[in-house]
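Below: the structure, in C-alpha cells.
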Amino acid sequence: MQLFPCPFCGLREESEFHYGAEAGNVRPDAGFVSADQWSDYLHMRDNPKGATREIWVHLTCGEFFMMERDTVTHRVMGSTLLEDATHSA
Amino acid sequence: MSASRLHAGGSEIDRSRNLTFTFDGREIQAFAGDSIASALLASGQAIVGRSFKYHRPRGIWGSGVEEPNALVDIQSSGGRVPNARATTEPAEHGLTVTSVNASPDALSDRHAMLDRFARFIPAAFYYKTFMWPDWHLFEPRIRAMAGLGIVDRAWTPRKASVQINHHCDVLVVGAGPAGLAAASHAAAAGHSVLLVDDRQHPGGSLRYRAGDIDGMPGHRWADETAKRLTEQGHTPLTETTAFGVYDHNLVALNQRHRDGRPDTLWRVRPRRIVLATGAIERPVPFANNDLPGILSADAALAYLRLHAVLVGRQVVVATNNDSAYEVASALAEAGASVTLVDCRAEARTTAPANVRLLAGRTVASAAGRKAVEGVVLSDGTAMPADCVLVSGGWTPSVHLFSQAKGKLAWSDELAAFLPANEVDGIGVAGAVAGTVSLSDTLNSATNALGSFGTPVGPAPRSVGPEATLGVVGLWPRMRAKGRIWIDYQNDVTAKDVELAARENFISVEHLKRYTTLGMATDQGKTSNLNGLALLAEATGRAIADVGTTTYRPPFTPVPFVSLNGPRRNSLLSPVRRLPLEARHRSDGAVFQEYGGWLRPACYGAGKAADLIQEEARRARQYLALFDGSTLGKIEVIGPQAAEFVDFIYYNTMSTLKPGRCRYGFILSENGIVFDDGILMRIDENRFIVSCSSSHVAAVHARLEEWRQDRFERSAVYIHNATSDLATLTVSGPRARDLLEKLDLGLDLDDASLPHMSLAQGRFGDDDLRVARVSFTGDRSYELSIRADRAEALWARLQSAGEAFQAVTIGLEALMILRAEKGYIVIGKDTDGNTMPHDLGVSGPREKRKTEFVGRRSLFTEDAERSDRKQLVGLAIAEGEPPLATGAHAIDRSDGHKRSIGFVTSSYHSPTLGRAIALALIESGAQRHGETVELYHLGVLRRAILVPPCAFDPEGGRLHA
C-alpha cells in the first residue's frame, strides 16, 4: 500500500486516491481541432517507465493535484496544487 | 522408520498434560506443546500424506513453515482448516486430522498405482496429451483428481476477524538470535519496537542448537531478552507470520490464536524494518530421496530437543556442510546409531566421537517401499537405515527482502543467494544476511538497524566455540540414475527439469510454469535452489545467471477471512437508505436495491406484477405520490456558475431564467450521453443539477474535476446536497388541487408556476422547494424539504390525497409511466455508444457555438454515420405479451442474420391496455412505420417501429 501526499491533507494511503489523468494532456478546444488531435487527447497516453507526472484526486477531500512519482520504484517525489502546476508535461 | 518418544527431555512439551487427537481415524497420543507433526512422529506414523501427482507415500520432512509434505486437513470446534502444515499446527485435544490427496487414507491410498505410470506422465504431459479432440472432455476428471485438502463449503466465520493498523519505529521479523539482538538494541535506544516470530516461543534456532550468550545457554538468553522487551512495553508477537512487504514498506502480519478466534491481520507501518528471517535447510539430491523417513537434519534436531522425539534408531546423515555434525552427535547421544556421510573429502570439523564418519562420499540412492529401509553410497556401499537425515546447505529466507524489491547476489562461499543491495528502510540480520557463527549473527543486528541502532550499553556476546559451515555444492546432476525428487510438494523430479530445459523452457519463470516447480502452498521453500542449479547445469550457465523466480506475498498461506476482516455484507457494500424508509415499510412497501439505494418497488401484499399494474393505472387516472428523494441535488454556485453549466451540459443553459428548469444531457468527452436530468436555476449565480439517482456520486466527481481543471477557485463552488433534502413527488391530473390544500404559501396557478418552473414555499416552519417538472408525463410537482422534516409532509400528502383517491407508487410503476411517454433511463435505454442525436436531440449539436464537454466527439466519422442505433418505440399487435428486454432486432436481407439493435425497455401499459417497448435500432428514427423481426431465445416476433412516445404525444396532460 503506497502512501501519497495530498497537498491539503498530507500523507494518506493510496486507497483514498483515484488516478485522474496524465499531466499535460491539455484539452484542445481553441479553434479548429483535427480528428487526430482530438483522438490523441482522448486516447493516447505515454505510459512512461520511470519518472512521471500525473493528476490524482484525493477522494476524501475532493481535491485534484499533480503528483510526481516513479512507475518503477513507486517512489513519490512530491505533489503540487493544480493552480501551482504548469501545464507542460 | 521407527521414530519414538524418549523418556526424558523435550523443552517444549509438558508431560503432565496428555491429549489425544485422531489422524486418519487412528488415535494419536500427544503432550501439550507438541505440534501435530511431532506427535505423529512420536507415535511412529511414517506416512502422513500422498504426493500431489503420483500419490507417493510421504512423511514429515521439516519442522516449520518449509514443510512440503505433511499437509493435513484439521477439523476442530472452530471449523475445518484445509492444507494446514502439520509442522506448524499445535496438537490440541479432540482434533480430527486427516491426510490430504489420499483415499481412503494416507497408508493405503487407492491411487498409489499412478506411480507405476510415472514414466508416461512427466512434467507437462497433460499439455501434450489431452489436446485431442478437446481438453474440456478430460478436464472434469483431471480437476477432480487435482488439488489437496477439502474445503468445507458450508463453513462461515462466526465472527469477523480483527484487523489492526499499527505504527512503530522498528519492526523486527524473526525472534532468533539476530532478531532478539536487534530488538533489544532498538528498545535500548528508546525506539518503539514490534518483534514478531512465527513460532510459539521466541528464540529460533537458539531453542535447539548449541550456543551460549552473555554467560547463559542460548534458549535462556532468548527467554530473558523477550521478557525484558515485554517489561519495557515491546511485547513480542509469537505465532505471527510477517507474510508480505508491500509498497512503501507496509508489512502485513498474520497472527494466529488458540482460542478459536479467526486470525488477526496486522498492517504495520514501521520506520525501519529488520529482517532476521533465518535460513531453510535444503534437501540432498539422490534417487528416491522422497521416501518417508528422509527428513531435514535440522528438523530432526528440533524434534529431539524440543519434543524428545528420536526420529530413527539407525540413522544415516547425508551432508555437504558442518551444520549436520551437531545433529549427528546429538542423535547418537540420544541412543541412535549414526553414520555421517559427508560429500567433502576433508571434513573441516572433527567427527564426533560417537558417530561413524564416511567422508568424500555421497548417498546415491535410498531403498524402501513405504519408508526408507537402507541407502547405497556413491562407492557402492549398501547399508541399512530406518532414517536418513539430509542437509544440502542453507537457503536464506530472502522472501520479504525480495518482495521489497531487494536484489540478490550469488555467494559461492555459502552456496546461496544473499541480499545484495540497500533497500530504503530495510536491514537484514543473521542467517538471511549470510552469517554463520553466533557472534556474526548477533553483531549483524546493529548494522541492520541503520540509524535506529546507535548502541546503548553492551551488545550481547556469544561465548564458546563458533559454528562453521564450509558448504560445498551438492547439486542434482544431469542424467543421474533413478528418480531424484526436486520439489516434493508438486512431484517434480530432476528428469522433469531436464525435460523442460530440453524443450527450451530455459527461463527460470518458464521452468516454474512448465514443471510447476516451486508452486503450491510451500512455494518451493525447500526445492527452488536445487531446481535452479540443475537448470543451470542443463543450460551450461552459472546458478547466478539463471537467477530466481519472483518472490511474491504471501510467504505462507493466509486465510481469506483475515484479509476480509469486517468487510462483509452491509459493511462491504452498504445500501443507501431513504429518510422515509420506516414510513414506507409501515405502508407495506416491497423494497429492492436500485443503483445502491434501497427503494420501494411497489406497495402492498400479493403478486408484485399486479400491484405494479394497478399503481400505474391509478396514477394516470387519479393521483400518484412518489418518494423521489434519491434524485440528485447538486448545487453549482458562484459568479461563473452559468458559464460552468454551459460547458458541462450539451444544451445551452446560461439562457435559462431564474426560477425556471430545463432538461438536458451531460456528455462524456467521447460524446456519449453520460447523464440526463433537469437543471434548475435558483438565481443568477445558483443552479441545481438534478441528475439520475444512481449517478449522483459520478456526476458530482465530474463536476468537481472540470471545476478544478478550468475555473478559478472562487469562480464556482459545487455542493452535493442530495441527502440534505427529501423530495416527494405529486403527479396526476389533480396534483395542483392536492397542493392547494397544503397551504404552501405560494401561487400555484399556471401563470405563476408553469411547467418547468420552480418556486420557494413553506410547509409549517420549513422551507419547501416546489419544482414543476415531470417524469410521468402528467402534471407533477417535486416537493423538496429538509430530510428530517419529510415525514410530516408525506403524512399530510397521504391524508389530503385520500379525497383524490391518491395512490402511493413504487419505482416499478414509475418506470411504466415514463416508458409510456418515451422518457429514457440512462444506461438502460442508452448504452456506451449512444450520442445525443441518437436520442433525437440534435439541436445543440447543430447550433451551439460555445464549447462544451464532448463536443468535438459529436463530429467524428463515427458520430456522423447514418446507420447509428437510434431510439424508437415498438408497436406490438394488440393482445400480445410484452417483448423481452434485450431481444435483438434482426436483419436477414443479405441472407444471414445480423443484429440491428435491441429492446431496451418493455412493459405492459395498463392505461393503453397493450404492451409497449423502447429500443435502439439502426437508423430507427428514419424508419418509423417499418416492421422489424425480434429474436429472443429461439422465438421470433414482429413489431412496428414508431416514435418513442406512446401516450399523450402532444403533451397536453403536462398542462392539464
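Residues in the C-alpha cells are numbered from 1 in each chain, the chains being A, B, ... in the order shown, and ligands are numbered from 1 in the order shown.
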
For chain B, work out the contacting residues on chain A at 8 Å, counting only C-alpha atoms, and write them as a CSV table (one decimal) with C-alpha atoms, in the first residue's frame.
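Final output, saved to out-v2.csv:
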```
chain,number,residue,atom,x,y,z
A,1,MET,CA,0.0,0.0,0.0
A,2,GLN,CA,1.6,3.2,-1.2
A,3,LEU,CA,1.4,6.5,0.7
A,29,ASP,CA,-10.6,23.4,-27.6
A,33,VAL,CA,-9.4,20.7,-33.7
A,35,ALA,CA,-9.7,14.4,-35.6
A,38,TRP,CA,-8.8,15.0,-30.6
A,42,LEU,CA,-8.9,11.2,-25.7
A,62,GLY,CA,-12.2,16.0,-3.3
A,63,GLU,CA,-9.1,18.0,-4.4
A,64,PHE,CA,-7.2,17.2,-7.6
A,74,HIS,CA,7.0,3.6,-6.8
A,75,ARG,CA,8.9,6.4,-5.1
A,82,LEU,CA,-3.2,22.3,-9.6
```

>> Residues within 6 Å of Gly174 in chain B, please, as a PyMOL selection string. Count only C-alpha atoms; anything in the same chain fewer than 6 positions from it doesn't count.
In response: chain B and resi 196-197+276-277

>> If DSSP is run on the backbone, what residues of range 410-489 of chain B are alpha helix (DSSP H)? A reply as a ChimeraX atom specification would be ideal.
In response: /B:438-448

>> Give me, as a PyMOL selection string, all polymer residues having an atom no more than 12 Å from range 892-898 of chain B, counting only C-alpha atoms and skipping those fewer than 5 positions away in the same chain.
In response: chain B and resi 922+932-935

Store the residues picked out above, limited to N, CA and C atoms, as a PDB file, in the first residue's frame.
```pdb
ATOM      1  N   GLU B 922     -30.773   0.457 -35.570  1.00  0.00           N
ATOM      2  CA  GLU B 922     -30.004   1.153 -36.613  1.00  0.00           C
ATOM      3  C   GLU B 922     -30.928   2.019 -37.474  1.00  0.00           C
ATOM      4  N   VAL B 932     -40.041  -4.751 -37.954  1.00  0.00           N
ATOM      5  CA  VAL B 932     -38.781  -5.475 -37.720  1.00  0.00           C
ATOM      6  C   VAL B 932     -39.087  -6.816 -37.055  1.00  0.00           C
ATOM      7  N   GLU B 933     -38.147  -7.741 -37.252  1.00  0.00           N
ATOM      8  CA  GLU B 933     -38.242  -9.037 -36.570  1.00  0.00           C
ATOM      9  C   GLU B 933     -37.398  -8.964 -35.317  1.00  0.00           C
ATOM     10  N   LEU B 934     -37.927  -9.526 -34.229  1.00  0.00           N
ATOM     11  CA  LEU B 934     -37.196  -9.520 -32.963  1.00  0.00           C
ATOM     12  C   LEU B 934     -37.000 -10.949 -32.501  1.00  0.00           C
ATOM     13  N   TYR B 935     -35.770 -11.262 -32.149  1.00  0.00           N
ATOM     14  CA  TYR B 935     -35.403 -12.637 -31.832  1.00  0.00           C
ATOM     15  C   TYR B 935     -34.990 -12.726 -30.370  1.00  0.00           C
TER      16      TYR B 935
END
```

>> Using only C-alpha atoms, which protein or nucleic acid residues come within 12 Å of range 503-512 of chain B? Drop anything in the same chain fewer than 4 positions from it, and give the result as a VMD selection string.
In response: chain B and resid 123 to 124 487 490 492 496 to 499 516 to 520 523 to 524 527 to 529 531 to 541 543 to 551

Create the file for the chosen residues now, containing N, CA and C atoms and written as an mmCIF file, in the first residue's frame.
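Output contents, as saved in again.cif:
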```cif
data_model
loop_
_atom_site.group_PDB
_atom_site.id
_atom_site.type_symbol
_atom_site.label_atom_id
_atom_site.label_comp_id
_atom_site.auth_asym_id
_atom_site.auth_seq_id
_atom_site.Cartn_x
_atom_site.Cartn_y
_atom_site.Cartn_z
ATOM 1 N N ALA B 123 6.458 -34.096 -16.432
ATOM 2 C CA ALA B 123 6.011 -32.705 -16.374
ATOM 3 C C ALA B 123 5.310 -32.330 -17.661
ATOM 4 N N ALA B 124 4.209 -31.623 -17.538
ATOM 5 C CA ALA B 124 3.511 -31.026 -18.680
ATOM 6 C C ALA B 124 2.883 -32.046 -19.614
ATOM 7 N N ASP B 487 11.152 -31.119 -6.181
ATOM 8 C CA ASP B 487 10.050 -30.478 -5.472
ATOM 9 C C ASP B 487 9.111 -31.558 -4.969
ATOM 10 N N ASN B 490 5.096 -30.718 -5.401
ATOM 11 C CA ASN B 490 4.499 -30.812 -6.733
ATOM 12 C C ASN B 490 5.008 -31.998 -7.539
ATOM 13 N N VAL B 492 7.989 -32.862 -8.679
ATOM 14 C CA VAL B 492 8.870 -32.534 -9.789
ATOM 15 C C VAL B 492 10.202 -33.233 -9.565
ATOM 16 N N ASP B 496 12.231 -34.109 -14.895
ATOM 17 C CA ASP B 496 11.268 -33.101 -15.363
ATOM 18 C C ASP B 496 11.967 -31.790 -15.683
ATOM 19 N N VAL B 497 12.919 -31.405 -14.821
ATOM 20 C CA VAL B 497 13.657 -30.166 -15.062
ATOM 21 C C VAL B 497 14.490 -30.300 -16.333
ATOM 22 N N GLU B 498 15.111 -31.462 -16.499
ATOM 23 C CA GLU B 498 15.906 -31.694 -17.719
ATOM 24 C C GLU B 498 15.016 -31.649 -18.963
ATOM 25 N N LEU B 499 13.807 -32.231 -18.833
ATOM 26 C CA LEU B 499 12.867 -32.226 -19.954
ATOM 27 C C LEU B 499 12.505 -30.793 -20.342
ATOM 28 N N THR B 516 5.775 -26.803 -12.802
ATOM 29 C CA THR B 516 5.161 -26.470 -11.508
ATOM 30 C C THR B 516 6.163 -26.492 -10.352
ATOM 31 N N LEU B 517 7.450 -26.478 -10.665
ATOM 32 C CA LEU B 517 8.478 -26.411 -9.623
ATOM 33 C C LEU B 517 8.338 -25.105 -8.838
ATOM 34 N N GLY B 518 8.181 -25.227 -7.535
ATOM 35 C CA GLY B 518 8.128 -24.028 -6.702
ATOM 36 C C GLY B 518 6.749 -23.410 -6.587
ATOM 37 N N MET B 519 5.730 -24.129 -7.080
ATOM 38 C CA MET B 519 4.368 -23.607 -6.910
ATOM 39 C C MET B 519 3.751 -24.197 -5.650
ATOM 40 N N ALA B 520 2.447 -24.051 -5.541
ATOM 41 C CA ALA B 520 1.653 -24.623 -4.450
ATOM 42 C C ALA B 520 1.917 -23.972 -3.107
ATOM 43 N N GLN B 523 5.439 -22.949 -1.957
ATOM 44 C CA GLN B 523 6.145 -22.035 -2.865
ATOM 45 C C GLN B 523 7.642 -22.362 -2.969
ATOM 46 N N GLY B 524 7.947 -23.654 -2.932
ATOM 47 C CA GLY B 524 9.309 -24.080 -3.210
ATOM 48 C C GLY B 524 10.339 -23.678 -2.174
ATOM 49 N N SER B 527 12.721 -26.445 -2.376
ATOM 50 C CA SER B 527 13.064 -27.045 -3.663
ATOM 51 C C SER B 527 13.709 -26.098 -4.659
ATOM 52 N N ASN B 528 13.464 -24.797 -4.513
ATOM 53 C CA ASN B 528 13.829 -23.893 -5.603
ATOM 54 C C ASN B 528 15.290 -23.972 -6.016
ATOM 55 N N LEU B 529 16.183 -23.932 -5.033
ATOM 56 C CA LEU B 529 17.580 -23.793 -5.397
ATOM 57 C C LEU B 529 18.118 -25.038 -6.111
ATOM 58 N N GLY B 531 16.429 -26.927 -8.013
ATOM 59 C CA GLY B 531 15.893 -26.818 -9.374
ATOM 60 C C GLY B 531 16.698 -25.847 -10.223
ATOM 61 N N LEU B 532 17.017 -24.697 -9.644
ATOM 62 C CA LEU B 532 17.800 -23.698 -10.378
ATOM 63 C C LEU B 532 19.170 -24.234 -10.736
ATOM 64 N N ALA B 533 19.782 -24.943 -9.780
ATOM 65 C CA ALA B 533 21.130 -25.467 -10.003
ATOM 66 C C ALA B 533 21.120 -26.472 -11.152
ATOM 67 N N LEU B 534 20.076 -27.315 -11.196
ATOM 68 C CA LEU B 534 20.005 -28.308 -12.271
ATOM 69 C C LEU B 534 19.751 -27.627 -13.614
ATOM 70 N N LEU B 535 18.890 -26.607 -13.611
ATOM 71 C CA LEU B 535 18.643 -25.860 -14.847
ATOM 72 C C LEU B 535 19.934 -25.196 -15.320
ATOM 73 N N ALA B 536 20.718 -24.692 -14.354
ATOM 74 C CA ALA B 536 21.998 -24.067 -14.696
ATOM 75 C C ALA B 536 22.901 -25.074 -15.396
ATOM 76 N N GLU B 537 22.970 -26.275 -14.832
ATOM 77 C CA GLU B 537 23.836 -27.280 -15.457
ATOM 78 C C GLU B 537 23.300 -27.674 -16.821
ATOM 79 N N ALA B 538 21.975 -27.857 -16.913
ATOM 80 C CA ALA B 538 21.384 -28.310 -18.172
ATOM 81 C C ALA B 538 21.557 -27.289 -19.279
ATOM 82 N N THR B 539 21.699 -26.016 -18.901
ATOM 83 C CA THR B 539 21.813 -24.982 -19.928
ATOM 84 C C THR B 539 23.215 -24.383 -19.976
ATOM 85 N N GLY B 540 24.151 -24.991 -19.241
ATOM 86 C CA GLY B 540 25.543 -24.540 -19.293
ATOM 87 C C GLY B 540 25.753 -23.145 -18.732
ATOM 88 N N ARG B 541 24.945 -22.786 -17.732
ATOM 89 C CA ARG B 541 25.101 -21.460 -17.139
ATOM 90 C C ARG B 541 25.491 -21.599 -15.672
ATOM 91 N N ILE B 543 24.680 -20.683 -11.716
ATOM 92 C CA ILE B 543 23.421 -20.512 -10.989
ATOM 93 C C ILE B 543 23.060 -19.034 -10.898
ATOM 94 N N ALA B 544 24.081 -18.209 -10.686
ATOM 95 C CA ALA B 544 23.853 -16.762 -10.568
ATOM 96 C C ALA B 544 23.186 -16.222 -11.821
ATOM 97 N N ASP B 545 23.518 -16.804 -12.989
ATOM 98 C CA ASP B 545 22.956 -16.302 -14.245
ATOM 99 C C ASP B 545 21.540 -16.809 -14.481
ATOM 100 N N VAL B 546 21.220 -17.945 -13.883
ATOM 101 C CA VAL B 546 19.852 -18.457 -14.017
ATOM 102 C C VAL B 546 18.888 -17.579 -13.222
ATOM 103 N N GLY B 547 19.338 -17.169 -12.035
ATOM 104 C CA GLY B 547 18.511 -16.276 -11.214
ATOM 105 C C GLY B 547 17.372 -17.004 -10.530
ATOM 106 N N THR B 548 16.546 -16.256 -9.839
ATOM 107 C CA THR B 548 15.423 -16.861 -9.123
ATOM 108 C C THR B 548 14.117 -16.379 -9.734
ATOM 109 N N THR B 549 13.039 -17.092 -9.409
ATOM 110 C CA THR B 549 11.726 -16.581 -9.782
ATOM 111 C C THR B 549 11.393 -15.419 -8.854
ATOM 112 N N THR B 550 10.350 -14.697 -9.209
ATOM 113 C CA THR B 550 9.951 -13.540 -8.410
ATOM 114 C C THR B 550 9.292 -13.993 -7.110
ATOM 115 N N TYR B 551 9.696 -13.375 -6.026
ATOM 116 C CA TYR B 551 9.062 -13.678 -4.736
ATOM 117 C C TYR B 551 7.857 -12.777 -4.549
#
```

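Within the 7 Å cut-off around Val72 in chain A, using only C-alpha atoms and omitting residues fewer than 2 positions from it on the same chain, the listed residues are Lys49, Gly50, Asp70 and His74 of chain A.
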
Store the residues picked out above in a file with N, CA and C atoms, as an mmCIF file, in the first residue's frame.
```cif
data_model
loop_
_atom_site.group_PDB
_atom_site.id
_atom_site.type_symbol
_atom_site.label_atom_id
_atom_site.label_comp_id
_atom_site.auth_asym_id
_atom_site.auth_seq_id
_atom_site.Cartn_x
_atom_site.Cartn_y
_atom_site.Cartn_z
ATOM 1 N N LYS A 49 8.124 4.594 -18.385
ATOM 2 C CA LYS A 49 8.829 3.772 -17.397
ATOM 3 C C LYS A 49 9.766 4.704 -16.652
ATOM 4 N N GLY A 50 9.511 4.893 -15.363
ATOM 5 C CA GLY A 50 10.337 5.807 -14.587
ATOM 6 C C GLY A 50 9.529 6.993 -14.106
ATOM 7 N N ASP A 70 7.552 7.668 -9.489
ATOM 8 C CA ASP A 70 8.321 6.792 -10.357
ATOM 9 C C ASP A 70 7.530 5.498 -10.548
ATOM 10 N N HIS A 74 8.113 3.089 -7.558
ATOM 11 C CA HIS A 74 6.962 3.588 -6.800
ATOM 12 C C HIS A 74 7.355 4.668 -5.791
#
```

> Got a sec: who's within 12 Å of Leu937 in chain B, counting only C-alpha atoms, leaving out chain neighbours fewer than 2 positions off, as a list in words?
Replying inline: Leu883, Ala884, Thr885, Gly886, Ala887, His888, Leu934, Tyr935, Val939, Leu940 and Arg941 of chain B

Dump N, CA and C atoms for the selected residues as a tab-separated table (two decimals), in the first residue's frame?
```tsv
chain	number	residue	atom	x	y	z
B	883	LEU	N	-42.54	-7.65	-25.19
B	883	LEU	CA	-41.32	-8.25	-25.72
B	883	LEU	C	-40.33	-8.45	-24.57
B	884	ALA	N	-39.37	-9.33	-24.80
B	884	ALA	CA	-38.31	-9.50	-23.80
B	884	ALA	C	-37.35	-8.32	-23.90
B	885	THR	N	-37.02	-7.73	-22.76
B	885	THR	CA	-35.97	-6.70	-22.76
B	885	THR	C	-34.66	-7.37	-23.19
B	886	GLY	N	-33.97	-6.78	-24.12
B	886	GLY	CA	-32.73	-7.39	-24.59
B	886	GLY	C	-32.90	-8.19	-25.87
B	887	ALA	N	-34.17	-8.41	-26.29
B	887	ALA	CA	-34.39	-9.14	-27.55
B	887	ALA	C	-33.74	-8.38	-28.71
B	888	HIS	N	-33.13	-9.10	-29.62
B	888	HIS	CA	-32.43	-8.45	-30.72
B	888	HIS	C	-33.32	-8.28	-31.94
B	934	LEU	N	-37.93	-9.53	-34.23
B	934	LEU	CA	-37.20	-9.52	-32.96
B	934	LEU	C	-37.00	-10.95	-32.50
B	935	TYR	N	-35.77	-11.26	-32.15
B	935	TYR	CA	-35.40	-12.64	-31.83
B	935	TYR	C	-34.99	-12.73	-30.37
B	939	VAL	N	-37.35	-17.55	-30.15
B	939	VAL	CA	-38.69	-17.10	-30.56
B	939	VAL	C	-38.56	-15.84	-31.41
B	940	LEU	N	-39.24	-15.84	-32.53
B	940	LEU	CA	-39.20	-14.70	-33.44
B	940	LEU	C	-40.52	-13.94	-33.35
B	941	ARG	N	-40.45	-12.64	-33.12
B	941	ARG	CA	-41.69	-11.84	-33.09
B	941	ARG	C	-41.53	-10.64	-33.99
```

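CA of Arg702 in chain B is positioned 19.2 Å from CA of Cys6 in chain A.
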
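Proximity to Ala23 in chain A was assessed for A:Tyr41, A:Asp36, A:Asn47, A:Arg53 counting only C-alpha atoms; the smallest distance is recorded for A:Arg53.
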
> At what distance in Å, to one decimal, does CA of Val716 in chain B lie from CA of Trp56 in chain A?
Replying inline: 20.4 Å
